[in-house]
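Visitor: So I've got this file, input_23.pdb, and it contains PDB, C-alpha atoms, pLDDT in the B column:
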```pdb
MODEL        1
ATOM      1  CA  MET G   1       1.725  -5.295 -29.444  1.00 40.00           C
ATOM      2  CA  ARG G   2      -1.042  -2.741 -30.028  1.00 41.00           C
ATOM      3  CA  THR G   3       0.001   0.885 -29.584  1.00 42.00           C
ATOM      4  CA  ILE G   4      -2.036   2.775 -26.993  1.00 41.00           C
ATOM      5  CA  PRO G   5      -3.345   6.036 -28.484  1.00 42.00           C
ATOM      6  CA  LYS G   6      -2.170   9.267 -26.886  1.00 42.00           C
ATOM      7  CA  THR G   7      -5.647  10.279 -25.803  1.00 37.00           C
ATOM      8  CA  ARG G   8      -6.224  13.270 -23.560  1.00 38.00           C
ATOM      9  CA  TYR G   9      -6.743  12.571 -19.883  1.00 35.00           C
ATOM     10  CA  PRO G  10      -7.814  15.807 -18.159  1.00 35.00           C
ATOM     11  CA  SER G  11      -7.683  14.424 -14.590  1.00 38.00           C
ATOM     12  CA  VAL G  12      -3.960  13.540 -14.655  1.00 37.00           C
ATOM     13  CA  LYS G  13      -2.992  16.841 -12.992  1.00 38.00           C
ATOM     14  CA  VAL G  14      -5.617  16.295 -10.297  1.00 38.00           C
ATOM     15  CA  GLY G  15      -4.273  12.795  -9.644  1.00 36.00           C
ATOM     16  CA  PHE G  16      -0.705  14.048  -9.295  1.00 38.00           C
ATOM     17  CA  PHE G  17      -1.845  16.786  -6.893  1.00 37.00           C
ATOM     18  CA  LEU G  18      -3.637  14.313  -4.630  1.00 37.00           C
ATOM     19  CA  ALA G  19      -0.757  11.826  -4.703  1.00 36.00           C
ATOM     20  CA  ALA G  20       1.713  14.550  -3.754  1.00 36.00           C
ATOM     21  CA  PHE G  21      -0.498  15.925  -0.961  1.00 36.00           C
ATOM     22  CA  LEU G  22      -1.494  12.736   0.830  1.00 35.00           C
ATOM     23  CA  PRO G  23       1.987  11.716   2.051  1.00 34.00           C
ATOM     24  CA  ALA G  24       1.939  14.885   4.183  1.00 31.00           C
ATOM     25  CA  LEU G  25      -1.332  13.839   5.835  1.00 31.00           C
ATOM     26  CA  MET G  26      -0.589  12.866   9.439  1.00 29.00           C
ATOM     27  CA  LEU G  27      -3.604  12.387  11.742  1.00 29.00           C
ATOM     28  CA  PHE G  28      -3.435  11.502  15.429  1.00 29.00           C
ATOM     29  CA  GLY G  29      -5.563  10.266  18.298  1.00 31.00           C
ATOM     30  CA  CYS G  30      -7.387   6.978  18.952  1.00 37.00           C
ATOM     31  CA  ASN G  31      -8.058   4.628  21.818  1.00 35.00           C
ATOM     32  CA  PHE G  32      -8.355   1.298  20.075  1.00 40.00           C
ATOM     33  CA  GLY G  33      -6.438  -0.777  17.524  1.00 54.00           C
ATOM     34  CA  THR G  34      -7.380  -1.553  13.933  1.00 58.00           C
ATOM     35  CA  THR G  35      -6.494  -4.100  11.332  1.00 64.00           C
ATOM     36  CA  LEU G  36      -4.097  -2.962   8.601  1.00 66.00           C
ATOM     37  CA  PRO G  37      -4.268  -2.767   4.795  1.00 73.00           C
ATOM     38  CA  THR G  38      -3.068  -5.605   2.569  1.00 79.00           C
ATOM     39  CA  PRO G  39       0.233  -4.992   0.630  1.00 83.00           C
ATOM     40  CA  PHE G  40       0.149  -1.296  -0.212  1.00 85.00           C
ATOM     41  CA  VAL G  41       3.385  -0.378  -2.066  1.00 89.00           C
ATOM     42  CA  VAL G  42       2.539   0.726  -5.636  1.00 90.00           C
ATOM     43  CA  GLY G  43       6.047   0.282  -7.048  1.00 90.00           C
ATOM     44  CA  GLU G  44       5.227   1.078 -10.687  1.00 90.00           C
ATOM     45  CA  GLY G  45       3.787   3.522 -13.187  1.00 91.00           C
ATOM     46  CA  PRO G  46       0.600   3.032 -15.220  1.00 93.00           C
ATOM     47  CA  ALA G  47       2.101   0.730 -17.866  1.00 91.00           C
ATOM     48  CA  THR G  48       1.334  -2.986 -17.646  1.00 93.00           C
ATOM     49  CA  VAL G  49       3.896  -5.731 -18.227  1.00 92.00           C
ATOM     50  CA  GLY G  50       2.578  -6.664 -21.671  1.00 91.00           C
ATOM     51  CA  LYS G  51       0.645  -9.658 -22.934  1.00 92.00           C
ATOM     52  CA  LYS G  52       2.118 -13.028 -21.840  1.00 93.00           C
ATOM     53  CA  LYS G  53       5.038 -11.287 -20.086  1.00 94.00           C
ATOM     54  CA  THR G  54       5.948 -11.651 -16.416  1.00 95.00           C
ATOM     55  CA  ARG G  55       7.800  -9.450 -13.941  1.00 95.00           C
ATOM     56  CA  LEU G  56       9.094  -9.995 -10.408  1.00 95.00           C
ATOM     57  CA  ASP G  57       9.191  -6.997  -8.049  1.00 95.00           C
ATOM     58  CA  VAL G  58      11.237  -7.265  -4.842  1.00 94.00           C
ATOM     59  CA  GLY G  59      11.930  -4.499  -2.343  1.00 94.00           C
ATOM     60  CA  GLY G  60      11.800  -3.210   1.192  1.00 92.00           C
ATOM     61  CA  GLY G  61      11.577  -0.097   3.282  1.00 90.00           C
ATOM     62  CA  ALA G  62      10.678   1.522   6.579  1.00 85.00           C
ATOM     63  CA  GLY G  63       8.057   3.832   7.994  1.00 79.00           C
ATOM     64  CA  PHE G  64       6.405   5.313  11.043  1.00 72.00           C
ATOM     65  CA  GLY G  65       2.803   5.452  12.229  1.00 67.00           C
ATOM     66  CA  ALA G  66       0.726   7.258  14.826  1.00 61.00           C
ATOM     67  CA  CYS G  67      -1.416   4.654  16.639  1.00 52.00           C
ATOM     68  CA  CYS G  68      -4.439   2.827  15.203  1.00 49.00           C
ATOM     69  CA  GLY G  69      -2.546  -0.353  14.414  1.00 44.00           C
ATOM     70  CA  TRP G  70       0.839   1.089  13.415  1.00 46.00           C
ATOM     71  CA  PRO G  71       1.965   2.939  16.550  1.00 53.00           C
ATOM     72  CA  GLY G  72       5.683   3.274  16.000  1.00 64.00           C
ATOM     73  CA  PRO G  73       8.547   2.626  13.573  1.00 73.00           C
ATOM     74  CA  GLY G  74       8.454  -0.410  11.323  1.00 76.00           C
ATOM     75  CA  ALA G  75      10.410  -2.096   8.543  1.00 85.00           C
ATOM     76  CA  GLY G  76       9.691  -4.879   6.099  1.00 87.00           C
ATOM     77  CA  GLY G  77       9.581  -6.069   2.516  1.00 91.00           C
ATOM     78  CA  GLN G  78       7.206  -6.794  -0.342  1.00 93.00           C
ATOM     79  CA  VAL G  79       7.364  -9.353  -3.164  1.00 94.00           C
ATOM     80  CA  ARG G  80       5.077  -9.297  -6.185  1.00 94.00           C
ATOM     81  CA  VAL G  81       4.741 -11.366  -9.369  1.00 95.00           C
ATOM     82  CA  ARG G  82       2.802  -9.804 -12.258  1.00 96.00           C
ATOM     83  CA  HIS G  83       1.679 -11.456 -15.503  1.00 95.00           C
ATOM     84  CA  GLY G  84       0.102  -9.818 -18.545  1.00 95.00           C
ATOM     85  CA  ILE G  85      -3.178 -11.435 -19.603  1.00 96.00           C
ATOM     86  CA  ALA G  86      -3.732  -8.877 -22.399  1.00 94.00           C
ATOM     87  CA  ASP G  87      -2.029  -5.773 -23.809  1.00 90.00           C
ATOM     88  CA  ARG G  88      -3.381  -3.498 -21.054  1.00 94.00           C
ATOM     89  CA  HIS G  89      -4.447  -5.988 -18.384  1.00 96.00           C
ATOM     90  CA  GLU G  90      -2.385  -7.885 -15.820  1.00 97.00           C
ATOM     91  CA  LEU G  91      -2.908 -10.139 -12.812  1.00 96.00           C
ATOM     92  CA  GLY G  92      -0.520 -10.510  -9.911  1.00 95.00           C
ATOM     93  CA  VAL G  93       0.139 -11.853  -6.452  1.00 96.00           C
ATOM     94  CA  SER G  94       1.681  -9.670  -3.714  1.00 94.00           C
ATOM     95  CA  ALA G  95       3.003 -10.607  -0.275  1.00 94.00           C
ATOM     96  CA  MET G  96       4.300  -8.335   2.477  1.00 92.00           C
ATOM     97  CA  ALA G  97       5.961  -8.932   5.853  1.00 90.00           C
ATOM     98  CA  LEU G  98       6.370  -6.083   8.333  1.00 83.00           C
ATOM     99  CA  PHE G  99       7.949  -5.843  11.774  1.00 81.00           C
ATOM    100  CA  ILE G 100       6.554  -3.048  13.929  1.00 74.00           C
ATOM    101  CA  GLN G 101       8.861  -1.939  16.738  1.00 71.00           C
ATOM    102  CA  ALA G 102       6.087  -0.562  18.916  1.00 59.00           C
ATOM    103  CA  ASP G 103       7.362  -1.267  22.418  1.00 50.00           C
ATOM    104  CA  THR G 104       8.445   2.260  23.280  1.00 49.00           C
ATOM    105  CA  GLU G 105       7.093   4.107  26.303  1.00 51.00           C
ATOM    106  CA  GLU G 106       4.712   6.074  24.087  1.00 48.00           C
ATOM    107  CA  SER G 107       3.264   2.949  22.470  1.00 47.00           C
ATOM    108  CA  ARG G 108       0.161   1.080  23.599  1.00 52.00           C
ATOM    109  CA  TYR G 109       0.982  -2.116  21.714  1.00 55.00           C
ATOM    110  CA  PRO G 110       3.848  -4.655  21.817  1.00 60.00           C
ATOM    111  CA  ALA G 111       6.320  -5.148  19.001  1.00 62.00           C
ATOM    112  CA  HIS G 112       4.993  -7.669  16.501  1.00 70.00           C
ATOM    113  CA  PHE G 113       5.112  -9.106  12.984  1.00 78.00           C
ATOM    114  CA  TRP G 114       2.373  -8.487  10.456  1.00 81.00           C
ATOM    115  CA  MET G 115       2.070 -10.542   7.265  1.00 89.00           C
ATOM    116  CA  SER G 116      -0.403 -10.240   4.397  1.00 91.00           C
ATOM    117  CA  ALA G 117      -0.969 -11.247   0.775  1.00 94.00           C
ATOM    118  CA  LYS G 118      -3.420 -10.380  -1.968  1.00 94.00           C
ATOM    119  CA  LEU G 119      -4.398 -10.896  -5.601  1.00 96.00           C
ATOM    120  CA  ASP G 120      -3.803  -7.854  -7.826  1.00 95.00           C
ATOM    121  CA  TYR G 121      -5.502  -6.689 -11.004  1.00 96.00           C
ATOM    122  CA  LYS G 122      -4.377  -3.744 -13.141  1.00 97.00           C
ATOM    123  CA  TRP G 123      -6.072  -2.157 -16.158  1.00 96.00           C
ATOM    124  CA  GLN G 124      -4.279   0.573 -18.096  1.00 95.00           C
ATOM    125  CA  PHE G 125      -7.331   2.448 -19.345  1.00 94.00           C
ATOM    126  CA  ASN G 126      -5.291   5.395 -20.637  1.00 91.00           C
ATOM    127  CA  ARG G 127      -1.717   6.037 -21.749  1.00 90.00           C
ATOM    128  CA  TYR G 128      -1.122   7.952 -18.513  1.00 93.00           C
ATOM    129  CA  ALA G 129      -3.354   6.139 -16.010  1.00 95.00           C
ATOM    130  CA  ALA G 130      -4.314   2.697 -14.719  1.00 96.00           C
ATOM    131  CA  LEU G 131      -6.884   1.246 -12.341  1.00 96.00           C
ATOM    132  CA  LEU G 132      -5.623  -0.932  -9.460  1.00 96.00           C
ATOM    133  CA  LEU G 133      -7.744  -3.546  -7.647  1.00 95.00           C
ATOM    134  CA  GLY G 134      -6.746  -5.992  -4.914  1.00 94.00           C
ATOM    135  CA  ALA G 135      -8.252  -8.507  -2.502  1.00 94.00           C
ATOM    136  CA  GLY G 136      -6.594 -10.625   0.179  1.00 93.00           C
ATOM    137  CA  GLY G 137      -5.896 -10.919   3.865  1.00 92.00           C
ATOM    138  CA  GLY G 138      -3.278 -11.350   6.539  1.00 90.00           C
ATOM    139  CA  ILE G 139      -2.460 -12.083  10.130  1.00 85.00           C
ATOM    140  CA  THR G 140      -1.237 -10.152  13.169  1.00 79.00           C
ATOM    141  CA  PRO G 141      -0.797 -11.339  16.793  1.00 74.00           C
ATOM    142  CA  PHE G 142      -4.135  -9.680  17.555  1.00 74.00           C
ATOM    143  CA  SER G 143      -6.361 -11.067  14.785  1.00 78.00           C
ATOM    144  CA  PRO G 144      -6.444 -12.512  11.271  1.00 86.00           C
ATOM    145  CA  PHE G 145      -8.007 -10.077   8.799  1.00 88.00           C
ATOM    146  CA  ILE G 146      -9.349  -9.770   5.267  1.00 91.00           C
ATOM    147  CA  GLY G 147      -9.119  -6.713   3.066  1.00 91.00           C
ATOM    148  CA  GLY G 148      -9.313  -5.157  -0.361  1.00 92.00           C
ATOM    149  CA  ASP G 149      -8.386  -1.961  -2.166  1.00 93.00           C
ATOM    150  CA  VAL G 150      -9.054   0.197  -5.203  1.00 95.00           C
ATOM    151  CA  GLY G 151      -6.726   2.838  -6.573  1.00 95.00           C
ATOM    152  CA  VAL G 152      -5.472   4.851  -9.534  1.00 96.00           C
ATOM    153  CA  VAL G 153      -1.857   5.322 -10.608  1.00 96.00           C
ATOM    154  CA  VAL G 154      -0.859   8.070 -13.045  1.00 96.00           C
ATOM    155  CA  GLY G 155       2.509   8.615 -14.671  1.00 93.00           C
ATOM    156  CA  ARG G 156       4.542   9.675 -17.658  1.00 84.00           C
ATOM    157  CA  PRO G 157       5.614   6.516 -19.555  1.00 73.00           C
ATOM    158  CA  GLY G 158       8.396   6.595 -22.098  1.00 66.00           C
ATOM    159  CA  TRP G 159      10.164   9.705 -20.775  1.00 70.00           C
ATOM    160  CA  LYS G 160      13.692   8.532 -21.607  1.00 73.00           C
ATOM    161  CA  LYS G 161      14.500   5.912 -18.933  1.00 87.00           C
ATOM    162  CA  LEU G 162      12.644   7.650 -16.104  1.00 90.00           C
ATOM    163  CA  VAL G 163       8.998   7.017 -15.214  1.00 91.00           C
ATOM    164  CA  PRO G 164       7.682   9.349 -12.483  1.00 94.00           C
ATOM    165  CA  TYR G 165       4.333   8.309 -11.057  1.00 95.00           C
ATOM    166  CA  GLY G 166       1.772   9.120  -8.401  1.00 96.00           C
ATOM    167  CA  ALA G 167      -1.018   7.046  -6.932  1.00 96.00           C
ATOM    168  CA  VAL G 168      -4.031   7.227  -4.634  1.00 95.00           C
ATOM    169  CA  ARG G 169      -5.372   4.050  -3.034  1.00 93.00           C
ATOM    170  CA  LEU G 170      -8.407   3.412  -0.808  1.00 92.00           C
ATOM    171  CA  SER G 171      -8.125   0.245   1.306  1.00 90.00           C
ATOM    172  CA  GLY G 172     -10.382  -1.483   3.784  1.00 88.00           C
ATOM    173  CA  SER G 173      -9.827  -4.388   6.168  1.00 87.00           C
ATOM    174  CA  ALA G 174     -11.683  -6.172   8.946  1.00 86.00           C
ATOM    175  CA  PRO G 175     -10.785  -8.787  11.593  1.00 85.00           C
ATOM    176  CA  VAL G 176     -12.061 -12.344  11.182  1.00 85.00           C
ATOM    177  CA  GLY G 177     -12.084 -15.346  13.510  1.00 75.00           C
ATOM    178  CA  ARG G 178     -10.229 -14.774  16.787  1.00 66.00           C
ATOM    179  CA  VAL G 179     -10.195 -11.106  17.762  1.00 65.00           C
ATOM    180  CA  ASP G 180      -8.181 -10.023  20.828  1.00 62.00           C
ATOM    181  CA  ARG G 181      -8.806  -6.997  23.002  1.00 62.00           C
ATOM    182  CA  ILE G 182      -5.664  -4.970  23.601  1.00 61.00           C
ATOM    183  CA  ILE G 183      -4.559  -2.610  26.362  1.00 55.00           C
ATOM    184  CA  ILE G 184      -5.301   0.982  25.345  1.00 56.00           C
ATOM    185  CA  ASP G 185      -4.388   2.669  28.641  1.00 56.00           C
ATOM    186  CA  GLU G 186      -1.442   1.234  30.578  1.00 56.00           C
ATOM    187  CA  ASP G 187      -2.233   3.369  33.644  1.00 64.00           C
ATOM    188  CA  THR G 188      -5.818   2.163  34.082  1.00 66.00           C
ATOM    189  CA  GLY G 189      -5.552  -1.198  32.324  1.00 62.00           C
ATOM    190  CA  GLU G 190      -8.472  -0.288  30.043  1.00 64.00           C
ATOM    191  CA  THR G 191      -8.830  -2.555  27.013  1.00 65.00           C
ATOM    192  CA  GLY G 192     -10.307  -1.951  23.589  1.00 65.00           C
ATOM    193  CA  PRO G 193     -11.277  -4.011  20.545  1.00 67.00           C
ATOM    194  CA  ILE G 194      -9.530  -4.554  17.253  1.00 71.00           C
ATOM    195  CA  VAL G 195     -11.879  -2.896  14.744  1.00 74.00           C
ATOM    196  CA  PRO G 196     -12.192  -2.636  10.930  1.00 80.00           C
ATOM    197  CA  ASN G 197     -10.716   0.367   9.170  1.00 80.00           C
ATOM    198  CA  VAL G 198     -10.608   2.359   5.964  1.00 85.00           C
ATOM    199  CA  THR G 199      -7.165   3.592   4.898  1.00 86.00           C
ATOM    200  CA  LEU G 200      -6.519   6.365   2.361  1.00 90.00           C
ATOM    201  CA  LEU G 201      -2.940   6.318   1.070  1.00 90.00           C
ATOM    202  CA  GLY G 202      -1.096   8.424  -1.455  1.00 93.00           C
ATOM    203  CA  ALA G 203       2.317   7.775  -2.998  1.00 95.00           C
ATOM    204  CA  VAL G 204       4.806   9.338  -5.387  1.00 95.00           C
ATOM    205  CA  GLY G 205       7.669   7.435  -6.939  1.00 95.00           C
ATOM    206  CA  LEU G 206      10.248   7.135  -9.675  1.00 94.00           C
ATOM    207  CA  LYS G 207      10.978   4.054 -11.768  1.00 92.00           C
ATOM    208  CA  ILE G 208      14.401   3.989 -13.458  1.00 92.00           C
ATOM    209  CA  ASN G 209      14.673   1.539 -16.365  1.00 91.00           C
ATOM    210  CA  PHE G 210      18.308   0.412 -16.642  1.00 92.00           C
ATOM    211  CA  LYS G 211      17.563  -2.400 -19.107  1.00 89.00           C
ATOM    212  CA  PRO G 212      14.359  -3.852 -20.622  1.00 85.00           C
ATOM    213  CA  TRP G 213      14.622  -6.612 -18.017  1.00 90.00           C
ATOM    214  CA  LEU G 214      15.742  -4.509 -15.023  1.00 93.00           C
ATOM    215  CA  ALA G 215      14.366  -1.408 -13.270  1.00 94.00           C
ATOM    216  CA  TRP G 216      14.910   0.344  -9.939  1.00 94.00           C
ATOM    217  CA  VAL G 217      11.996   1.865  -8.018  1.00 94.00           C
ATOM    218  CA  ILE G 218      11.989   4.553  -5.304  1.00 94.00           C
ATOM    219  CA  GLU G 219       8.705   5.461  -3.581  1.00 95.00           C
ATOM    220  CA  ILE G 220       7.410   7.462  -0.619  1.00 94.00           C
ATOM    221  CA  GLY G 221       3.841   7.491   0.614  1.00 91.00           C
ATOM    222  CA  GLY G 222       1.484   7.916   3.498  1.00 88.00           C
ATOM    223  CA  GLY G 223      -2.010   8.849   4.571  1.00 86.00           C
ATOM    224  CA  GLY G 224      -4.779   8.436   7.089  1.00 83.00           C
ATOM    225  CA  ILE G 225      -6.204   5.402   8.907  1.00 78.00           C
ATOM    226  CA  PHE G 226      -9.876   5.741   9.830  1.00 79.00           C
ATOM    227  CA  PRO G 227     -11.275   3.065  12.186  1.00 76.00           C
ATOM    228  CA  ILE G 228     -14.899   1.949  11.911  1.00 76.00           C
ATOM    229  CA  GLY G 229     -16.445   1.638  15.357  1.00 66.00           C
ATOM    230  CA  GLY G 230     -14.362   1.280  18.506  1.00 54.00           C
ATOM    231  CA  THR G 231     -14.641   2.679  22.004  1.00 48.00           C
ATOM    232  CA  GLU G 232     -16.075   6.015  22.966  1.00 43.00           C
ATOM    233  CA  GLY G 233     -13.872   8.957  22.069  1.00 40.00           C
ATOM    234  CA  GLY G 234     -12.072   7.074  19.296  1.00 47.00           C
ATOM    235  CA  GLY G 235     -10.364   8.899  16.481  1.00 53.00           C
ATOM    236  CA  HIS G 236      -7.999   8.168  13.657  1.00 63.00           C
ATOM    237  CA  GLY G 237      -4.343   7.620  12.905  1.00 71.00           C
ATOM    238  CA  GLY G 238      -1.801   7.991  10.155  1.00 73.00           C
ATOM    239  CA  ALA G 239       1.439   6.608   8.785  1.00 78.00           C
ATOM    240  CA  PHE G 240       4.118   7.262   6.184  1.00 84.00           C
ATOM    241  CA  TYR G 241       6.701   5.020   4.533  1.00 88.00           C
ATOM    242  CA  GLY G 242       9.671   4.916   2.187  1.00 91.00           C
ATOM    243  CA  TYR G 243      10.360   2.032  -0.221  1.00 93.00           C
ATOM    244  CA  THR G 244      13.006   0.995  -2.699  1.00 93.00           C
ATOM    245  CA  GLY G 245      13.223  -2.127  -4.804  1.00 94.00           C
ATOM    246  CA  LEU G 246      14.097  -3.832  -8.082  1.00 94.00           C
ATOM    247  CA  SER G 247      11.844  -5.073 -10.870  1.00 94.00           C
ATOM    248  CA  PHE G 248      12.956  -8.006 -13.050  1.00 94.00           C
ATOM    249  CA  ARG G 249      11.454  -9.351 -16.261  1.00 91.00           C
ATOM    250  CA  LEU G 250      11.142 -13.124 -16.160  1.00 88.00           C
ATOM    251  CA  GLY G 251      11.518 -15.209 -19.292  1.00 73.00           C
ATOM    252  CA  GLY G 252      11.756 -13.760 -22.770  1.00 59.00           C
TER
ENDMDL
END
```
Represent the structure of the file as structure tokens.
Guide:
Amino acid sequence: MRTIPKTRYPSVKVGFFLAAFLPALMLFGCNFGTTLPTPFVVGEGPATVGKKKTRLDVGGGAGFGACCGWPGPGAGGQVRVRHGIADRHELGVSAMALFIQADTEESRYPAHFWMSAKLDYKWQFNRYAALLLGAGGGITPFSPFIGGDVGVVVGRPGWKKLVPYGAVRLSGSAPVGRVDRIIIDEDTGETGPIVPNVTLLGAVGLKINFKPWLAWVIEIGGGGIFPIGGTEGGGHGGAFYGYTGLSFRLGG
């Protein structure tokens, strides 16, 4: 395998600052629902799996959101298969299932399941950084949706068995086909549409390599959800999450 040169990457510190700041971003206030991003857990540092190698990532977690499509606590899991198509390029498939327990008195929406999947692409353009791209879709009780994302993950590979990393990801999604209106004010019975959104998420995590074929990942993240359109007086929302999982190398 070709060795990646230790080239300078001056924006690494900026990337770590943004990834550490965004999980603290909590924004409130909206009077309509939005679609949600496709699978969003980063779960890895900048290194790719290697040419013709395959890894399976499995994990789960929980989080909490403030309206705009994630108005309460939730829990779920994510599964991803990644395969190296070149030394610094990989393709993958991710799937996520999430249950949102949003039937509290403060919530405007019922509890529901949300499921999504996407195709992933990763390019490690520097020893310490990689570009992330994804495209897919999902389904909620309110509407099917399509979405995509672009992001950057930075990290310190090869630091003993620990790989700290940080990431920033910009996602977008929009409803397709059947789109329900939902109750946005239980007192008046006012309804509002499900609208597209742009989501800005940041994450920091730690990957612990026990063996070449086995690693453990811990990650926290969060950010802002910014609806596009909606009813008069609309605003934005936010969410944060915690994740832990295992990464297995498949085959030789």
Visitor: Hey, which of G:Leu162, G:Ser143, G:Gly222, G:Tyr241 ends up closest to Glu44 (chain G)? Count all atoms listed in the file.
Guide: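 The shortest atom-to-atom distance to Glu44 (chain G) comes from G:Leu162.
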Visitor: To one decimal place, how far is CA of Gly59 (chain G) from CA of Val150 (chain G) in Å?
Guide: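 Separating CA of Gly59 (chain G) from CA of Val150 (chain G) is a distance of 21.7 Å.
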Visitor: Counting all atoms listed in the file, which of G:Trp216, G:Gln101, G:Gly205, G:Pro144 gets nearest to Tyr165 (chain G)?
Guide: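 Result for the nearest residue to Tyr165 (chain G): G:Gly205.
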Visitor: Please identify all polymer residues within 8 Å of Ser173 (chain G), counting all atoms listed in the file, omitting same-chain residues fewer than 2 positions from it, and present them as a list in words.
Guide: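 The filter keeps Thr35, Leu36, Pro37, Thr38, Gly137, Phe145, Ile146, Gly147, Gly148, Ser171, Pro175, Pro196, Asn197 and Val198 of chain G.
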Visitor: I need the output of the PyMOL selection byres ((chain G and resi 92) around 6) for this file as a count of residues only; which residues are they?
Guide: 6
Visitor: For CA of Ala130 (chain G) and CA of Gly43 (chain G), quote the distance in Å rounded to one decimal.
Guide: 13.1 Å
Visitor: So the first atom is CA of Ala97 (chain G) and the second is CA of Pro73 (chain G); what is the distance between them in Å, to one decimal place?
Guide: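 Spanning CA of Ala97 (chain G) to CA of Pro73 (chain G) is a straight-line distance of 14.1 Å.
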Visitor: Closest to Pro141 (chain G) among G:Lys52, G:Met115, G:Arg249, G:Lys160, using only C-alpha atoms?
Guide: G:Met115
Visitor: Find the spatial neighbours of Ala75 (chain G), counting only C-alpha atoms, within a cut-off of 6 Å - ignore same-chain residues fewer than 4 positions away - and output them as an MDAnalysis selection string.
Guide: chainID G and resid 61:62 98:99
Visitor: So which one's closest to Gly221 (chain G), G:Ala174, G:Leu246, G:Ala129, G:Val168? Using all atoms listed in the file, please.
Guide: G:Val168
Visitor: Nearest residue to Val49 (chain G) out of G:Gln124, G:Ser94, G:Thr140, G:Thr199, using only C-alpha atoms?
Guide: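 Once distances to Val49 (chain G) are computed over only C-alpha atoms, the minimum belongs to G:Gln124.
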Visitor: For region 85-90 of chain G, I'd like the enclosing box, axis-aligned and padded by 3 Å on every side, reported as JSON with centre and edge lengths in Å to one decimal.
Guide:
```
{"center_x": -3.2, "center_y": -7.5, "center_z": -19.8, "size_x": 8.4, "size_y": 13.9, "size_z": 14.0}
```
Visitor: Give as a ChimeraX atom specification every residue, naming chains and numbers as the document does, that has an atom within 9 Å of (6.1, -9.8, 0.6), counting all atoms listed in the file.
Guide: /G:39,58-60,76-80,94-98,115-117
Visitor: Take the selection from the previous step and output its residues with C-alpha atoms, as an mmCIF file, keeping the file's coordinate frame.
Guide:
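Now in out_17.cif:
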```
data_model
loop_
_atom_site.group_PDB
_atom_site.id
_atom_site.type_symbol
_atom_site.label_atom_id
_atom_site.label_comp_id
_atom_site.auth_asym_id
_atom_site.auth_seq_id
_atom_site.Cartn_x
_atom_site.Cartn_y
_atom_site.Cartn_z
ATOM 1 C CA PRO G 39 0.233 -4.992 0.630
ATOM 2 C CA VAL G 58 11.237 -7.265 -4.842
ATOM 3 C CA GLY G 59 11.930 -4.499 -2.343
ATOM 4 C CA GLY G 60 11.800 -3.210 1.192
ATOM 5 C CA GLY G 76 9.691 -4.879 6.099
ATOM 6 C CA GLY G 77 9.581 -6.069 2.516
ATOM 7 C CA GLN G 78 7.206 -6.794 -0.342
ATOM 8 C CA VAL G 79 7.364 -9.353 -3.164
ATOM 9 C CA ARG G 80 5.077 -9.297 -6.185
ATOM 10 C CA SER G 94 1.681 -9.670 -3.714
ATOM 11 C CA ALA G 95 3.003 -10.607 -0.275
ATOM 12 C CA MET G 96 4.300 -8.335 2.477
ATOM 13 C CA ALA G 97 5.961 -8.932 5.853
ATOM 14 C CA LEU G 98 6.370 -6.083 8.333
ATOM 15 C CA MET G 115 2.070 -10.542 7.265
ATOM 16 C CA SER G 116 -0.403 -10.240 4.397
ATOM 17 C CA ALA G 117 -0.969 -11.247 0.775
#
```
Visitor: Run through the PyMOL selection byres ((chain G and resi 133) around 9) on the given coordinates and return the selected residues as number ranges by chain.
Guide: G: 119-123, 131-132, 134-135, 148-152
Visitor: If we draw a sphere of 7 Å around (2.1, -10.2, -25.4), which residues have at least one atom in it when counting all atoms listed in the file? Please report them as a PDB file with C-alpha atoms, keeping the file's coordinate frame.
Guide:
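As a result, part_0.pdb now contains:
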```
ATOM      1  CA  MET G   1       1.725  -5.295 -29.444  1.00 40.00           C
ATOM      2  CA  GLY G  50       2.578  -6.664 -21.671  1.00 91.00           C
ATOM      3  CA  LYS G  51       0.645  -9.658 -22.934  1.00 92.00           C
ATOM      4  CA  LYS G  52       2.118 -13.028 -21.840  1.00 93.00           C
ATOM      5  CA  LYS G  53       5.038 -11.287 -20.086  1.00 94.00           C
ATOM      6  CA  ALA G  86      -3.732  -8.877 -22.399  1.00 94.00           C
ATOM      7  CA  ASP G  87      -2.029  -5.773 -23.809  1.00 90.00           C
TER       8      ASP G  87
END
```
Visitor: Which residues are close to Leu214 (chain G), i.e. within 10 Å by only C-alpha atoms, leaving aside same-chain residues fewer than 6 positions away? Reply as a list in words.
Guide: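 Close residues of Leu214 (chain G): Arg55, Leu56, Asp57, Ile208, Leu246, Ser247, Phe248, Arg249 and Leu250 of chain G.
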Visitor: Identify which of the residues G:Ala167, G:Val41, G:Ala215, G:Ile220 lies closest to Tyr128 (chain G), counting all atoms listed in the file when measuring atom-to-atom distances.
Guide: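 Comparing G:Ala167, G:Val41, G:Ala215, G:Ile220 against Tyr128 (chain G), the winner is G:Ala167.
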Visitor: Which residues, named as in the file, does the PyMOL selection byres ((chain G and resi 201) around 9) pick out? Answer as a list in words.
Guide: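 This file gives the following for the PyMOL selection byres ((chain G and resi 201) around 9): Ala19, Leu22, Pro23, Phe40, Ala167, Val168, Arg169, Leu170, Ser171, Thr199, Leu200, Gly202, Ala203, Gly221, Gly222, Gly223, Gly224, Ile225, Ala239 and Phe240 of chain G.
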